[in-house]
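Structure file upload-v1.csv; described as CSV, C-alpha atoms.
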```
chain,number,residue,atom,x,y,z
A,14,MET,CA,133.4,-118.1,-12.9
A,15,HIS,CA,130.5,-116.9,-10.8
A,16,PHE,CA,127.1,-116.3,-12.5
A,17,LEU,CA,124.1,-114.4,-11.1
A,18,GLY,CA,120.7,-114.8,-12.6
A,19,ILE,CA,118.3,-111.8,-12.5
A,20,ILE,CA,114.7,-111.9,-13.7
A,21,PRO,CA,113.3,-108.4,-14.3
A,22,ALA,CA,109.5,-108.4,-13.7
A,23,ARG,CA,107.1,-105.4,-13.9
A,24,TYR,CA,103.4,-105.4,-13.4
A,25,ALA,CA,102.5,-102.6,-15.9
A,26,SER,CA,103.0,-104.4,-19.2
A,27,THR,CA,101.1,-102.5,-21.9
A,28,ARG,CA,100.0,-105.7,-23.8
A,29,PHE,CA,99.4,-107.9,-20.7
A,30,LEU,CA,98.8,-106.1,-17.4
A,31,GLY,CA,100.1,-108.2,-14.5
A,32,LYS,CA,101.8,-110.7,-16.7
A,33,PRO,CA,104.3,-112.1,-14.1
A,34,LEU,CA,101.4,-113.0,-11.8
A,35,ALA,CA,99.3,-114.7,-14.6
A,36,ASP,CA,98.3,-118.3,-13.6
A,37,LEU,CA,100.1,-120.8,-15.7
A,38,ASP,CA,98.5,-124.2,-14.9
A,39,GLY,CA,98.5,-123.6,-11.2
A,40,LYS,CA,101.5,-121.5,-10.7
A,41,PRO,CA,102.2,-117.8,-11.4
A,42,MET,CA,104.4,-117.3,-14.4
A,43,ILE,CA,107.2,-115.7,-12.5
A,44,GLN,CA,107.4,-118.9,-10.4
A,45,ARG,CA,107.6,-121.0,-13.5
A,46,VAL,CA,110.5,-119.0,-14.8
A,47,TYR,CA,112.3,-118.9,-11.5
A,48,GLU,CA,112.0,-122.7,-11.1
A,49,GLN,CA,113.3,-123.3,-14.6
A,50,VAL,CA,116.6,-121.5,-14.1
A,51,GLN,CA,117.4,-121.8,-10.4
A,52,PRO,CA,118.7,-125.3,-10.5
A,53,VAL,CA,121.3,-124.5,-13.2
A,54,LEU,CA,122.3,-121.1,-11.8
A,55,GLY,CA,122.0,-121.5,-8.1
A,56,GLN,CA,121.8,-117.8,-7.4
A,57,VAL,CA,118.7,-116.2,-8.9
A,58,CYS,CA,116.8,-113.1,-7.9
A,59,VAL,CA,113.6,-111.4,-9.2
A,60,ALA,CA,114.0,-107.6,-9.7
A,61,THR,CA,110.6,-105.8,-9.6
A,62,ASP,CA,109.0,-102.5,-9.0
A,63,ASP,CA,105.7,-103.9,-7.8
A,64,HIS,CA,104.9,-105.1,-4.2
A,65,ARG,CA,102.4,-107.7,-5.5
A,66,ILE,CA,105.1,-109.4,-7.5
A,67,GLU,CA,107.5,-109.1,-4.5
A,68,ALA,CA,104.9,-110.8,-2.2
A,69,THR,CA,104.3,-113.6,-4.7
A,70,VAL,CA,108.0,-114.4,-5.1
A,71,LYS,CA,108.5,-114.4,-1.3
A,72,ALA,CA,105.5,-116.7,-1.0
A,73,PHE,CA,107.1,-119.4,-3.1
A,74,GLY,CA,110.4,-119.0,-1.3
A,75,GLY,CA,112.3,-117.1,-4.1
A,76,ASN,CA,114.7,-114.2,-3.7
A,77,VAL,CA,113.4,-110.7,-4.7
A,78,VAL,CA,114.6,-107.1,-4.7
A,79,MET,CA,112.6,-104.0,-5.1
A,80,THR,CA,113.9,-101.6,-7.9
A,81,SER,CA,112.9,-98.2,-9.3
A,82,ASP,CA,109.7,-97.9,-11.4
A,83,ARG,CA,111.5,-95.5,-13.8
A,84,HIS,CA,113.5,-98.1,-15.7
A,85,THR,CA,112.8,-98.3,-19.4
A,86,SER,CA,114.5,-101.7,-19.9
A,87,GLY,CA,115.2,-105.0,-18.2
A,88,THR,CA,119.0,-104.3,-18.6
A,89,ASP,CA,118.7,-101.1,-16.4
A,90,ARG,CA,116.6,-103.0,-13.8
A,91,CYS,CA,119.2,-105.8,-13.7
A,92,TYR,CA,122.0,-103.4,-13.1
A,93,GLU,CA,120.2,-101.7,-10.2
A,94,ALA,CA,119.3,-105.1,-8.7
A,95,TYR,CA,123.0,-106.1,-8.9
A,96,THR,CA,124.1,-102.9,-7.1
A,97,LEU,CA,121.5,-103.5,-4.4
A,98,LEU,CA,122.3,-107.2,-3.9
A,99,GLN,CA,126.0,-106.6,-3.7
A,100,GLU,CA,126.6,-110.2,-4.6
A,101,PRO,CA,130.2,-110.8,-5.9
A,102,CYS,CA,129.9,-112.2,-9.4
A,103,ASP,CA,131.6,-112.1,-12.8
A,104,VAL,CA,128.6,-112.4,-15.1
A,105,ILE,CA,124.9,-111.4,-14.8
A,106,ILE,CA,122.3,-113.3,-16.8
A,107,ASN,CA,119.2,-111.3,-17.6
A,108,ILE,CA,116.3,-113.9,-17.8
A,109,GLN,CA,113.1,-112.8,-19.4
A,110,GLY,CA,110.2,-113.0,-17.0
A,111,ASP,CA,107.8,-114.1,-19.8
A,112,GLU,CA,109.9,-117.2,-21.0
A,113,PRO,CA,108.7,-120.0,-18.6
A,114,PHE,CA,110.0,-122.7,-21.0
A,115,ILE,CA,113.7,-121.6,-21.1
A,116,GLN,CA,115.7,-124.8,-20.8
A,117,PRO,CA,118.6,-125.4,-18.5
A,118,GLU,CA,120.8,-126.4,-21.5
A,119,GLN,CA,120.1,-122.9,-23.0
A,120,ILE,CA,121.5,-121.3,-19.8
A,121,GLU,CA,124.6,-123.6,-20.1
A,122,ILE,CA,125.1,-122.5,-23.7
A,123,LEU,CA,125.0,-118.9,-22.6
A,124,LYS,CA,127.4,-119.5,-19.8
A,125,SER,CA,129.8,-121.3,-22.1
A,126,CYS,CA,130.2,-118.1,-24.2
A,127,PHE,CA,132.3,-116.7,-21.4
A,128,SER,CA,135.0,-119.3,-21.6
A,129,ASP,CA,136.3,-116.8,-24.1
A,130,PRO,CA,137.8,-114.0,-22.0
A,131,GLN,CA,137.1,-111.5,-24.8
A,132,THR,CA,133.3,-112.0,-24.5
A,133,GLN,CA,131.6,-108.9,-23.2
A,134,ILE,CA,127.9,-109.7,-23.8
A,135,ALA,CA,126.3,-112.9,-24.9
A,136,THR,CA,122.8,-113.9,-26.1
A,137,LEU,CA,121.1,-116.9,-27.8
A,138,VAL,CA,120.0,-117.5,-31.4
A,139,LYS,CA,118.0,-120.3,-32.9
A,140,PRO,CA,117.9,-121.4,-36.6
A,141,PHE,CA,114.5,-121.1,-38.2
A,142,ARG,CA,113.1,-124.4,-39.0
A,143,ALA,CA,111.8,-125.4,-42.5
A,144,ASP,CA,108.2,-126.1,-41.3
A,145,ALA,CA,104.8,-124.9,-42.4
A,146,ASP,CA,105.0,-121.8,-40.3
A,147,PHE,CA,108.5,-120.6,-41.0
A,148,GLU,CA,107.5,-118.0,-43.6
A,149,LYS,CA,104.9,-116.5,-41.3
A,150,GLU,CA,107.4,-116.3,-38.5
A,151,LEU,CA,110.2,-114.9,-40.7
A,152,PHE,CA,107.9,-112.0,-41.8
A,153,ASN,CA,106.6,-111.4,-38.3
A,154,ALA,CA,108.0,-108.0,-37.0
A,155,ASN,CA,107.6,-109.3,-33.4
A,156,THR,CA,110.2,-112.0,-34.2
A,157,THR,CA,113.7,-110.5,-34.1
A,158,LYS,CA,116.2,-111.8,-36.7
A,159,VAL,CA,119.9,-111.7,-36.4
A,160,VAL,CA,122.9,-112.1,-38.7
A,161,LEU,CA,126.3,-113.4,-37.5
A,162,ASN,CA,129.9,-113.1,-38.4
A,163,ASN,CA,132.2,-116.1,-38.7
A,164,ARG,CA,133.1,-115.8,-35.0
A,165,ASN,CA,129.4,-116.2,-34.0
A,166,GLU,CA,129.2,-112.5,-33.0
A,167,ALA,CA,126.0,-110.6,-33.9
A,168,LEU,CA,126.4,-108.2,-36.8
A,169,TYR,CA,122.9,-106.8,-36.7
A,170,PHE,CA,119.5,-107.5,-35.2
A,171,SER,CA,116.3,-106.5,-37.1
A,172,ARG,CA,112.5,-106.9,-37.1
A,173,SER,CA,112.9,-107.2,-40.9
A,174,ILE,CA,114.1,-110.2,-42.8
A,175,ILE,CA,117.9,-110.3,-42.9
A,176,PRO,CA,119.6,-111.2,-45.1
A,177,TYR,CA,117.3,-110.7,-48.2
A,178,ILE,CA,117.8,-113.5,-50.7
A,179,ARG,CA,117.7,-111.9,-54.1
A,180,GLY,CA,116.2,-113.6,-57.0
A,181,GLU,CA,114.7,-116.5,-55.0
A,182,LYS,CA,111.1,-117.2,-53.9
A,183,HIS,CA,110.6,-116.9,-50.2
A,184,THR,CA,109.7,-120.6,-49.9
A,185,GLU,CA,113.2,-121.4,-51.1
A,186,TRP,CA,115.1,-119.1,-48.8
A,187,LEU,CA,115.9,-121.6,-46.0
A,188,LYS,CA,117.5,-123.8,-48.6
A,189,LYS,CA,119.9,-121.0,-49.5
A,190,HIS,CA,120.8,-119.6,-46.1
A,191,THR,CA,120.5,-120.3,-42.4
A,192,PHE,CA,118.3,-117.6,-40.8
A,193,TYR,CA,118.5,-117.0,-37.1
A,194,LYS,CA,115.8,-116.0,-34.6
A,195,HIS,CA,116.9,-114.1,-31.6
A,196,ILE,CA,116.1,-115.6,-28.2
A,197,GLY,CA,115.9,-112.7,-25.7
A,198,LEU,CA,118.2,-114.0,-23.0
A,199,TYR,CA,121.3,-111.9,-22.3
A,200,ALA,CA,124.4,-112.2,-20.2
A,201,TYR,CA,126.9,-109.4,-19.4
A,202,ARG,CA,130.2,-109.1,-17.6
A,203,THR,CA,129.5,-106.9,-14.6
A,204,ASP,CA,131.8,-104.1,-15.7
A,205,ILE,CA,130.2,-104.1,-19.2
A,206,LEU,CA,126.7,-104.0,-17.7
A,207,LYS,CA,127.6,-100.9,-15.8
A,208,GLU,CA,129.0,-99.3,-19.0
A,209,ILE,CA,126.0,-100.0,-21.3
A,210,THR,CA,123.5,-98.7,-18.8
A,211,GLN,CA,125.2,-95.3,-19.1
A,212,LEU,CA,124.7,-95.1,-22.9
A,213,SER,CA,122.1,-92.9,-24.5
A,214,PRO,CA,119.5,-94.3,-26.9
A,215,SER,CA,121.0,-94.7,-30.4
A,216,PRO,CA,119.5,-94.0,-33.9
A,217,LEU,CA,119.2,-97.7,-34.9
A,218,GLU,CA,117.8,-98.7,-31.5
A,219,THR,CA,115.1,-96.0,-31.9
A,220,ALA,CA,114.3,-97.1,-35.5
A,221,GLU,CA,113.9,-100.8,-34.7
A,222,SER,CA,113.0,-100.5,-31.0
A,223,LEU,CA,115.7,-103.0,-30.2
A,224,GLU,CA,117.9,-102.1,-27.2
A,225,GLN,CA,120.8,-104.4,-28.2
A,226,LEU,CA,121.4,-102.2,-31.3
A,227,ARG,CA,122.5,-99.4,-28.9
A,228,TRP,CA,125.4,-101.7,-27.8
A,229,LEU,CA,126.4,-102.6,-31.3
A,230,GLU,CA,126.4,-98.9,-32.4
A,231,ASN,CA,128.7,-98.1,-29.5
A,232,GLY,CA,131.2,-100.7,-30.4
A,233,TYR,CA,130.4,-103.5,-28.0
A,234,LYS,CA,130.6,-107.1,-29.2
A,235,ILE,CA,127.7,-109.6,-28.7
A,236,LYS,CA,128.7,-113.2,-28.7
A,237,THR,CA,125.9,-115.6,-29.7
A,238,GLY,CA,125.3,-119.2,-28.5
A,239,ILE,CA,123.2,-121.3,-30.9
A,240,THR,CA,120.4,-123.4,-29.5
A,241,SER,CA,117.9,-125.8,-31.1
A,242,CYS,CA,115.4,-125.6,-28.3
A,243,GLU,CA,112.1,-123.9,-29.1
A,244,THR,CA,110.8,-121.5,-26.5
A,245,ILE,CA,107.4,-119.9,-26.0
A,246,GLY,CA,107.5,-116.2,-25.1
A,247,ILE,CA,104.3,-114.9,-23.5
A,248,ASP,CA,103.4,-111.4,-24.7
A,249,THR,CA,99.6,-111.5,-24.7
A,250,PRO,CA,96.7,-113.4,-22.9
A,251,GLU,CA,96.4,-115.4,-26.1
A,252,ASP,CA,100.0,-116.5,-25.8
A,253,LEU,CA,99.2,-117.6,-22.2
A,254,GLU,CA,96.5,-119.9,-23.5
A,255,LYS,CA,98.9,-121.5,-25.9
A,256,ALA,CA,101.4,-122.0,-23.1
A,257,VAL,CA,98.8,-123.7,-20.9
A,258,ARG,CA,97.9,-126.1,-23.7
A,259,PHE,CA,101.7,-126.8,-24.2
A,260,LEU,CA,102.1,-127.7,-20.5
A,261,LYS,CA,99.1,-130.0,-20.6
A,262,GLU,CA,100.3,-131.8,-23.7
A,263,ARG,CA,103.8,-132.5,-22.4
```
Here is a file; write its structure as structure tokens.
Amino acid sequence: MHFLGIIPARYASTRFLGKPLADLDGKPMIQRVYEQVQPVLGQVCVATDDHRIEATVKAFGGNVVMTSDRHTSGTDRCYEAYTLLQEPCDVIINIQGDEPFIQPEQIEILKSCFSDPQTQIATLVKPFRADADFEKELFNANTTKVVLNNRNEALYFSRSIIPYIRGEKHTEWLKKHTFYKHIGLYAYRTDILKEITQLSPSPLETAESLEQLRWLENGYKIKTGITSCETIGIDTPEDLEKAVRFLKER
């Protein structure tokens, strides 16, 4: 099976302007992401709408393609990049451009989901850990939670806590149930990617501001791979400072 990795990257992030070019201990963030995933995927390409990002990727020897500045999601940008590249592949992996610590083993877990010929879309989830910060993270609306069925398919994604453990203190919840955090890494069969980019925004997607709910509402199945690796997503300049400290402490 042939996999193609695409990293959507835009300059005009509302919370962190120019985020893909932010310096992360001597390298731009987009380079850190690219170098993390390229060895395990082989074929990787950055999809951007900004010539500054394009120039940066070319400077470190990466593959890059220019896409429209009208895309509202990384999924749409991935599909346009795929059509422009015209690379024969079975599955496209959408790699978040602000996740420089994605591990090769996480890519492998995602790839393994497609050993099942029925898999249409796949993503990653991670069990919440019972540490000092779990309750804060569980209640954080920026942390997406997900519930699974017994085939490890996503039933629902939410910014709220799901499920709600009735009659128990929050501090006891992890003893009663395994809660899963969504890791925003997606893979799609190429024909499915084409189909989902034609869908209109859905009511649940609009309510939660979570694109993947559009796919569930329209009957698509999302297989989940379970990882134990912690990742550090970078949404703000403050997150970047934490990431720099993390790199220096390793």
message: Could you list, as a PyMOL selection string, every residue within 9 Å of A:Pro216, counting all atoms listed in the file and ignoring same-chain residues fewer than 2 positions away?
response: chain A and resi 214+218-221+226-227+230
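Interatomic distance, atom CA of A:Ala72 to atom CA of A:Ile43: 11.7 Å.
The neighbours of A:Leu229 here are the residues that come within 10 Å of it, using only C-alpha atoms and leaving out any residue fewer than 2 positions away in the same chain; they are Ala167, Leu168, Tyr169, Phe170, Ser215, Leu217, Glu218, Glu224, Gln225, Leu226, Arg227, Asn231, Gly232, Tyr233, Lys234 and Ile235 of chain A.
The closest residue to A:Leu34, picked from A:Leu253, A:Ala94, A:Cys58, A:Leu198 and counting all atoms listed in the file, is A:Leu253.
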field: Within 9 Å of A:Gln119 using all atoms listed in the file, minus same-chain residues under 6 positions, as a PyMOL selection string
entry: chain A and resi 137+238-242
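In this model, the gap between atom CA of A:Gly110 and atom CA of A:Ile20 comes to 5.7 Å.
Using only C-alpha atoms, the smallest distance between any of A:Tyr47, A:Trp186, A:Val104, A:Thr61 and A:Phe127 comes from A:Val104.
Of note, atom CA of A:Gln44 and atom CA of A:Ile205 are spaced 28.6 Å apart.
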All residues 12 Å or closer to stretch 96-99 of chain A, only C-alpha atoms, same chain fewer than 5 positions away omitted, as a list in words: Leu17, Gly18, Ile19, Gln56, Val57, Cys58, Val59, Ala60, Asn76, Val77, Val78, Met79, Thr80, Ser81, Asp89, Arg90, Cys91, Ile105, Thr203, Asp204, Leu206 and Lys207 of chain A
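Here the question is which of A:Thr88, A:Glu208, A:His195, A:Ala25 gets nearest to A:Ile66 using all atoms listed in the file, and that residue is A:Ala25.
Shortest atom-to-atom contact with A:Ile245 among A:Phe147, A:Phe114, A:Tyr92, A:Phe152: A:Phe114, counting all atoms listed in the file.
Among the candidate residues A:Lys40, A:Lys188, A:Arg164, A:Lys194, the one lying nearest to A:Glu150 is A:Lys194, with distances computed using all atoms listed in the file.
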query: Within 10 Å of (108.1, -123.5, -50.4), in the coordinates the file gives, what residues turn up when you count all atoms listed in the file, written out as number ranges by chain?
result: A: 143-145, 147-148, 182-188
message: Excluding A:Phe29 and its own-chain neighbours fewer than 3 positions away, which residues fall within 8 Å of it when counting all atoms listed in the file? Please give them as a ChimeraX atom specification.
response: /A:25-26,32,248-250
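Proximity of A:Ile178, A:Thr136, A:Lys149, A:Asn107 to A:Gly87, computed with all atoms listed in the file, is greatest for A:Asn107.
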